[in-house]
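The structure appears below as C-alpha cells.
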Amino acid sequence: MGFALTGLVAGCGGTQGETGKSGDAVVGDVIKIGANLELSGPVASYGQSIAEGVDLAVENLNKSGGINGKKFEVIKVDNKSDAAEATNAAIKLTSQDKVAAIIGAATSGNTVAQAQVATNNKTVLLTPTGTSLNITLKADGSVNDYMFRTCFIDPFQGRVAANFAAGELKVKSAAIFADSASEYAKGLASSFKETFTQAGGTIVAQEAYVAKDTDFRATLTRIKSLNPDSIFIPGYYEEVGLIVKQARELGITIPLIGADGWDSPKLVDLAGAAALNNTYIANHYSSEDPDKMIQDFVQAFKGKYSGKAPDGFGALGYDSVYLLADGIKRAGSTDGSKIKDALAQTKDLQLVTGKITLDKQHNPIKTATVLEYKDGKQTFRTKVNP
C-alpha cells in the first residue's frame, strides 16, 4: 500500500555511482542498515514494535524504488535488553556487517552503550525511542556527532505530563514514584517536578523503586497516607503495570500519570484494564489521531500485521527509517560523515509522529500527544506543541 510518506524520500533520480563488495554498506543496488533492538529480555515489547515499524517502512520504500536507485536491507541484531549486548551488537554491525547506519536501541541505556562504537566507526546511530539527554550530548555538553534520535527528549515529555496534570486535570499536588536506576525515569521525574512546581503544584513525596521489583505496596501505602491528587510514575511497563494494579488494589483512585515507557500492550495484561482507567501518558502519537497521514499508516500497519494497531514504538521505528532515508538521499552517499551532516540539517520533514526539525543537539522539535486509558484501550486526548 502506498501513501503520503512514500513520496517524501523515495524515488529520487538515479544512483550515485557507488559500487560495493561483500562487507560494504552498499552491495550492488542494496544499502545495508543495522537494527540493534531489544528483541528479547525485559523490554522486548519495545524492540519488537520498533522492528515491525522498520520492516513496514523498508517494504514501502523498496516498493517505491528505494533511495538514490538503491534498496534497503535491514540486518537485525538482538541486544537482549542488555547494555553489554547492545555494545557487542554495535561492534558486529559496524565491523562485520559494515552497515551504513544503525537504528536502535529502544531504551536510553542500550543506546548510550553504543555511542563510542558508533563514533569510532563514524557510523550514524539513530534511536527511535531513546529519550535521555546524554544520548546526543557528551558529559562536557558537546554534541555526540554521530548520535541522533527520532523521538522527543525526556525534559519535553516531563513538561507535557506536568502541564497536562496541572492544566487539564487541575491537580494541585503530586507524588513521584520513579525507577531509581533508570536515566530515563530520573530525567522525567526531574522535568515533571520542575514544571509542576512552577505551575503552582506541590510535590508531596518523591519515592523510588528498583527495576525487577514486584511488590510496591509499602511505598504506595506511604504515598496514599499523604493524600496527593495524583501520582507521576515514569518507568517501563514491566514495573509500571504492577504498580498500577497494586495502587488500585490499595484503594488509590487518583489519576496516575506516565510517559512513553508505559506504551506496551503488555501493560494492560499486567495492570488489568479496569485499573488503568483514570491514567494518562505523554506519548509520541496516537493510532486514533484523525490525521490522514497517521490513519494511512495505521491501516498499512494493520494490513501487514493481522489487524494489530501500531503503538508509539512501531510508529517511531517506521519514522526512523524515513528520517534516515531522507538523510541518505540528501547526502547522495552512504558515507557516514556525509549522512551525519545531512541528518543534522533535517528541517520540516513530515513523518507519522509529526513534522521534524532537528535542533543543534540532534533532538527533534515536534509535537507530543497525551493518551488516556479507557477500559484498557489507549484513546487520543490531545496534542501538545513543543
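By convention here, the chains of the C-alpha cells are called A, B, ... in the order presented, each chain's residues are numbered starting at 1, and ligands are numbered starting at 1 in the order presented.
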
At most 7 Å is the cut-off: for each residue in range 300-383 of chain A with any atom that close to an atom of range 50-62 of chain A, write down the nearest atom pair and the distance in Å rounded to one decimal, counting only C-alpha atoms, chain first then increasing number, as CSV.
residue,atom,partner,partner_atom,distance
A:Phe313,CA,A:Ile50,CA,5.2
A:Gly314,CA,A:Gly53,CA,4.4
A:Ala315,CA,A:Gly53,CA,5.9
A:Leu316,CA,A:Ile50,CA,6.8
A:Gly317,CA,A:Ile50,CA,4.3
A:Tyr318,CA,A:Gly53,CA,4.2
A:Val321,CA,A:Val54,CA,6.2

For Ala259 in chain A, please output as a PyMOL selection string all residues within 6 Å (counting only C-alpha atoms; exclusion window: fewer than 2 positions along the same chain). chain A and resi 261+281-283

Name all residues at most 10 Å from range 262-265 of chain A (count only C-alpha atoms; drop same-chain ones fewer than 3 positions away) and give them as a PyMOL selection string. chain A and resi 43-46+49+233-241+257-259+268-270+280-284+311-313+371+376-378

All helix (DSSP H, G or I) residues (DSSP, backbone) inside range 290-352 of chain A, as a ChimeraX atom specification: /A:292-304,312-331,336-344

Need the shell around range 34-41 of chain A: protein/DNA/RNA residues with any atom at most 8 Å away, counting only C-alpha atoms. Skip same-chain ones fewer than 3 positions apart. Format as a list in words? Ala44, Ser45, Tyr46, Gly47, Gln48, Ile50, Ala51, Val74, Ile75, Lys76, Val77, Asp78, Asn79, Lys80, Ser81, Asp82, Ala86, Ala89, Ala90, Leu93, Val99, Ala100, Ala101, Ile102, Ile103, Gly104, Ala105 and Ala106 of chain A

Keeping only N, CA, C and O atoms, write those residues as a JSON list (two decimals), in the first residue's frame.
[["chain", "number", "residue", "atom", "x", "y", "z"],
["A", 44, "ALA", "N", 11.41, -6.46, 25.71],
["A", 44, "ALA", "CA", 11.32, -6.97, 24.33],
["A", 44, "ALA", "C", 10.14, -6.38, 23.57],
["A", 44, "ALA", "O", 10.20, -6.23, 22.34],
["A", 45, "SER", "N", 9.08, -6.02, 24.27],
["A", 45, "SER", "CA", 7.92, -5.45, 23.59],
["A", 45, "SER", "C", 8.29, -4.19, 22.82],
["A", 45, "SER", "O", 7.80, -3.97, 21.70],
["A", 46, "TYR", "N", 9.19, -3.39, 23.38],
["A", 46, "TYR", "CA", 9.62, -2.16, 22.70],
["A", 46, "TYR", "C", 10.35, -2.49, 21.40],
["A", 46, "TYR", "O", 10.04, -1.95, 20.33],
["A", 47, "GLY", "N", 11.36, -3.35, 21.51],
["A", 47, "GLY", "CA", 12.16, -3.68, 20.34],
["A", 47, "GLY", "C", 11.37, -4.36, 19.25],
["A", 47, "GLY", "O", 11.57, -4.11, 18.05],
["A", 48, "GLN", "N", 10.45, -5.22, 19.66],
["A", 48, "GLN", "CA", 9.63, -5.92, 18.67],
["A", 48, "GLN", "C", 8.71, -4.96, 17.92],
["A", 48, "GLN", "O", 8.53, -5.08, 16.71],
["A", 50, "ILE", "N", 9.30, -1.71, 17.43],
["A", 50, "ILE", "CA", 10.16, -0.93, 16.54],
["A", 50, "ILE", "C", 10.50, -1.74, 15.29],
["A", 50, "ILE", "O", 10.44, -1.22, 14.16],
["A", 51, "ALA", "N", 10.83, -3.01, 15.48],
["A", 51, "ALA", "CA", 11.20, -3.87, 14.34],
["A", 51, "ALA", "C", 10.06, -3.97, 13.34],
["A", 51, "ALA", "O", 10.28, -3.96, 12.12],
["A", 74, "VAL", "N", 17.76, -4.65, 5.87],
["A", 74, "VAL", "CA", 17.92, -4.47, 7.31],
["A", 74, "VAL", "C", 18.58, -5.70, 7.92],
["A", 74, "VAL", "O", 18.12, -6.82, 7.70],
["A", 75, "ILE", "N", 19.62, -5.48, 8.68],
["A", 75, "ILE", "CA", 20.28, -6.56, 9.43],
["A", 75, "ILE", "C", 19.95, -6.35, 10.90],
["A", 75, "ILE", "O", 20.42, -5.40, 11.52],
["A", 76, "LYS", "N", 19.12, -7.23, 11.46],
["A", 76, "LYS", "CA", 18.69, -7.08, 12.85],
["A", 76, "LYS", "C", 19.59, -7.89, 13.77],
["A", 76, "LYS", "O", 19.95, -9.02, 13.46],
["A", 77, "VAL", "N", 19.92, -7.29, 14.92],
["A", 77, "VAL", "CA", 20.65, -7.99, 15.98],
["A", 77, "VAL", "C", 19.90, -7.79, 17.29],
["A", 77, "VAL", "O", 19.49, -6.66, 17.61],
["A", 78, "ASP", "N", 19.70, -8.86, 18.04],
["A", 78, "ASP", "CA", 19.01, -8.81, 19.31],
["A", 78, "ASP", "C", 20.00, -8.44, 20.43],
["A", 78, "ASP", "O", 20.94, -9.18, 20.70],
["A", 79, "ASN", "N", 19.78, -7.29, 21.06],
["A", 79, "ASN", "CA", 20.65, -6.91, 22.17],
["A", 79, "ASN", "C", 20.17, -7.45, 23.52],
["A", 79, "ASN", "O", 20.77, -7.16, 24.56],
["A", 80, "LYS", "N", 19.07, -8.21, 23.49],
["A", 80, "LYS", "CA", 18.57, -8.92, 24.67],
["A", 80, "LYS", "C", 18.26, -8.00, 25.85],
["A", 80, "LYS", "O", 18.30, -8.41, 27.00],
["A", 81, "SER", "N", 17.94, -6.74, 25.55],
["A", 81, "SER", "CA", 17.61, -5.75, 26.58],
["A", 81, "SER", "C", 18.76, -5.55, 27.56],
["A", 81, "SER", "O", 18.55, -5.27, 28.76],
["A", 82, "ASP", "N", 19.99, -5.63, 27.07],
["A", 82, "ASP", "CA", 21.17, -5.56, 27.92],
["A", 82, "ASP", "C", 22.20, -4.63, 27.30],
["A", 82, "ASP", "O", 22.49, -4.71, 26.10],
["A", 86, "ALA", "N", 24.15, -4.75, 23.74],
["A", 86, "ALA", "CA", 23.95, -3.67, 22.76],
["A", 86, "ALA", "C", 25.29, -3.21, 22.20],
["A", 86, "ALA", "O", 25.42, -2.95, 20.99],
["A", 89, "ALA", "N", 26.51, -5.87, 19.83],
["A", 89, "ALA", "CA", 25.74, -5.84, 18.59],
["A", 89, "ALA", "C", 26.21, -4.69, 17.69],
["A", 89, "ALA", "O", 26.31, -4.86, 16.46],
["A", 90, "ALA", "N", 26.52, -3.55, 18.29],
["A", 90, "ALA", "CA", 27.01, -2.41, 17.51],
["A", 90, "ALA", "C", 28.36, -2.73, 16.88],
["A", 90, "ALA", "O", 28.64, -2.35, 15.73],
["A", 93, "LEU", "N", 27.67, -4.98, 13.89],
["A", 93, "LEU", "CA", 27.05, -4.29, 12.77],
["A", 93, "LEU", "C", 28.03, -3.37, 12.04],
["A", 93, "LEU", "O", 28.00, -3.25, 10.81],
["A", 99, "VAL", "N", 27.45, -1.80, 8.12],
["A", 99, "VAL", "CA", 26.20, -1.14, 7.73],
["A", 99, "VAL", "C", 26.44, 0.36, 7.52],
["A", 99, "VAL", "O", 27.40, 0.93, 8.04],
["A", 100, "ALA", "N", 25.55, 0.97, 6.76],
["A", 100, "ALA", "CA", 25.65, 2.40, 6.51],
["A", 100, "ALA", "C", 25.24, 3.22, 7.74],
["A", 100, "ALA", "O", 25.72, 4.33, 7.95],
["A", 101, "ALA", "N", 24.34, 2.66, 8.56],
["A", 101, "ALA", "CA", 23.85, 3.33, 9.77],
["A", 101, "ALA", "C", 23.15, 2.29, 10.63],
["A", 101, "ALA", "O", 22.84, 1.19, 10.17],
["A", 102, "ILE", "N", 22.91, 2.66, 11.88],
["A", 102, "ILE", "CA", 22.22, 1.76, 12.81],
["A", 102, "ILE", "C", 20.98, 2.45, 13.35],
["A", 102, "ILE", "O", 21.01, 3.61, 13.75],
["A", 103, "ILE", "N", 19.86, 1.72, 13.38],
["A", 103, "ILE", "CA", 18.64, 2.16, 14.05],
["A", 103, "ILE", "C", 18.54, 1.39, 15.36],
["A", 103, "ILE", "O", 18.65, 0.17, 15.39],
["A", 104, "GLY", "N", 18.34, 2.10, 16.47],
["A", 104, "GLY", "CA", 18.26, 1.46, 17.78],
["A", 104, "GLY", "C", 19.26, 2.07, 18.72],
["A", 104, "GLY", "O", 20.11, 2.86, 18.32],
["A", 105, "ALA", "N", 19.16, 1.75, 19.98],
["A", 105, "ALA", "CA", 18.24, 0.79, 20.56],
["A", 105, "ALA", "C", 16.95, 1.49, 20.99],
["A", 105, "ALA", "O", 16.75, 2.68, 20.74],
["A", 106, "ALA", "N", 16.09, 0.70, 21.67],
["A", 106, "ALA", "CA", 14.83, 1.26, 22.13],
["A", 106, "ALA", "C", 15.01, 2.09, 23.39],
["A", 106, "ALA", "O", 14.42, 3.16, 23.52]]

Give me, as a PyMOL selection string, all polymer residues having an atom no more than 9 Å from Val352 in chain A, counting only C-alpha atoms and skipping those fewer than 3 positions away in the same chain. chain A and resi 5+285+293-294+297+315-316+318-319+355

Expected file: the selected residues, N, CA, C and O atoms, as a CSV table (one decimal), in the first residue's frame:
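Contents of result09.csv, freshly written:
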chain,number,residue,atom,x,y,z
A,5,LEU,N,3.7,9.3,2.9
A,5,LEU,CA,5.1,9.3,3.3
A,5,LEU,C,6.0,8.8,2.2
A,5,LEU,O,7.2,9.2,2.1
A,285,TYR,N,2.6,9.6,19.6
A,285,TYR,CA,1.5,9.7,18.7
A,285,TYR,C,0.3,8.9,19.2
A,285,TYR,O,0.5,8.1,20.2
A,293,MET,N,-2.4,11.2,7.4
A,293,MET,CA,-1.1,10.5,7.3
A,293,MET,C,-1.1,9.4,8.4
A,293,MET,O,-0.6,8.3,8.1
A,294,ILE,N,-1.5,9.7,9.6
A,294,ILE,CA,-1.5,8.7,10.6
A,294,ILE,C,-2.4,7.6,10.3
A,294,ILE,O,-2.1,6.4,10.5
A,297,PHE,N,-1.0,5.3,7.7
A,297,PHE,CA,0.0,4.4,8.3
A,297,PHE,C,-0.6,3.3,9.1
A,297,PHE,O,-0.2,2.2,9.0
A,315,ALA,N,5.4,3.2,15.4
A,315,ALA,CA,5.4,4.4,14.6
A,315,ALA,C,6.8,5.1,14.5
A,315,ALA,O,7.2,5.5,13.5
A,316,LEU,N,7.5,5.1,15.7
A,316,LEU,CA,8.8,5.7,15.7
A,316,LEU,C,9.8,4.8,14.9
A,316,LEU,O,10.8,5.4,14.4
A,318,TYR,N,9.1,3.1,12.3
A,318,TYR,CA,8.7,3.4,10.9
A,318,TYR,C,9.3,4.8,10.5
A,318,TYR,O,10.0,4.9,9.5
A,319,ASP,N,9.1,5.8,11.4
A,319,ASP,CA,9.6,7.1,11.1
A,319,ASP,C,11.2,7.2,11.0
A,319,ASP,O,11.7,8.0,10.3
A,355,LYS,N,5.9,16.6,12.3
A,355,LYS,CA,6.9,17.3,11.4
A,355,LYS,C,8.2,17.5,12.2
A,355,LYS,O,8.1,18.2,13.3

If we count only C-alpha atoms and set the cut-off at 6 Å, which residues sit around Ser132 in chain A, ignoring sequence neighbours fewer than 4 positions away in its own chain? Please answer as a PDB file with C-alpha atoms, in the first residue's frame.
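Result saved to around_39.pdb:
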ATOM      1  CA  SER A 108      18.295   5.129  26.506  1.00  0.00           C
ATOM      2  CA  ASP A 154      12.820  13.425  28.484  1.00  0.00           C
ATOM      3  CA  TYR A 184      15.067   7.769  31.612  1.00  0.00           C
TER       4      TYR A 184
END

What does the distance between CA of Pro290 in chain A and CA of Phe192 in chain A come to in Å, to one decimal place? 28.4 Å

Just list the residues in range 165-277 of chain A DSSP gives strand (DSSP E or B) on the backbone, as a PyMOL selection string. chain A and resi 173-179+202-209+231-232+256-258

Next, write the just-selected residues to a file, as a short mmCIF file (atom, residue, chain, number, x, y, z; two decimals), in the first residue's frame, keeping C-alpha atoms as the atom set.
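Output (out_36.cif):
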data_model
loop_
_atom_site.label_atom_id
_atom_site.label_comp_id
_atom_site.auth_asym_id
_atom_site.auth_seq_id
_atom_site.Cartn_x
_atom_site.Cartn_y
_atom_site.Cartn_z
CA SER A 173 -0.39 18.02 44.37
CA ALA A 174 1.51 15.01 43.11
CA ALA A 175 3.75 12.24 44.33
CA ILE A 176 6.56 10.95 42.11
CA PHE A 177 7.37 7.22 42.08
CA ALA A 178 10.32 6.53 39.78
CA ASP A 179 12.84 3.82 38.88
CA THR A 202 3.16 20.74 45.23
CA ILE A 203 5.27 17.57 45.19
CA VAL A 204 4.30 15.78 48.41
CA ALA A 205 6.68 12.81 48.02
CA GLN A 206 9.45 11.57 45.76
CA GLU A 207 9.80 7.80 46.10
CA ALA A 208 11.91 5.27 44.21
CA TYR A 209 11.76 1.62 43.20
CA ILE A 231 0.99 10.18 41.14
CA PHE A 232 3.58 10.56 38.38
CA LEU A 256 -1.85 8.06 37.61
CA ILE A 257 0.34 9.77 35.02
CA GLY A 258 3.24 8.46 32.97
#

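Proximity ranking of A:Thr369, A:Thr129, A:Asn363, A:Asn278 relative to Leu343 in chain A places A:Asn363 first, based on only C-alpha atoms.
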
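Here CA of Ala368 in chain A is placed at a distance of 18.6 Å from CA of Lys193 in chain A.
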
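Relative to CA of Phe72 in chain A, CA of Ala113 in chain A is found at 25.2 Å.
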
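Distances here use only C-alpha atoms; by that measure, the residue among A:Gly65, A:Pro310, A:Gly28, A:Gly251 closest to Thr353 in chain A is A:Pro310.
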
When you count only C-alpha atoms, which of these residues is closest to Gly130 in chain A: A:Asp260, A:Glu194, A:Asp215, A:Glu372? A:Asp260

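Minimum distance to Gly158 in chain A across A:Lys302, A:Lys292, A:Lys186, A:Arg381 (counting only C-alpha atoms) occurs at A:Lys186.
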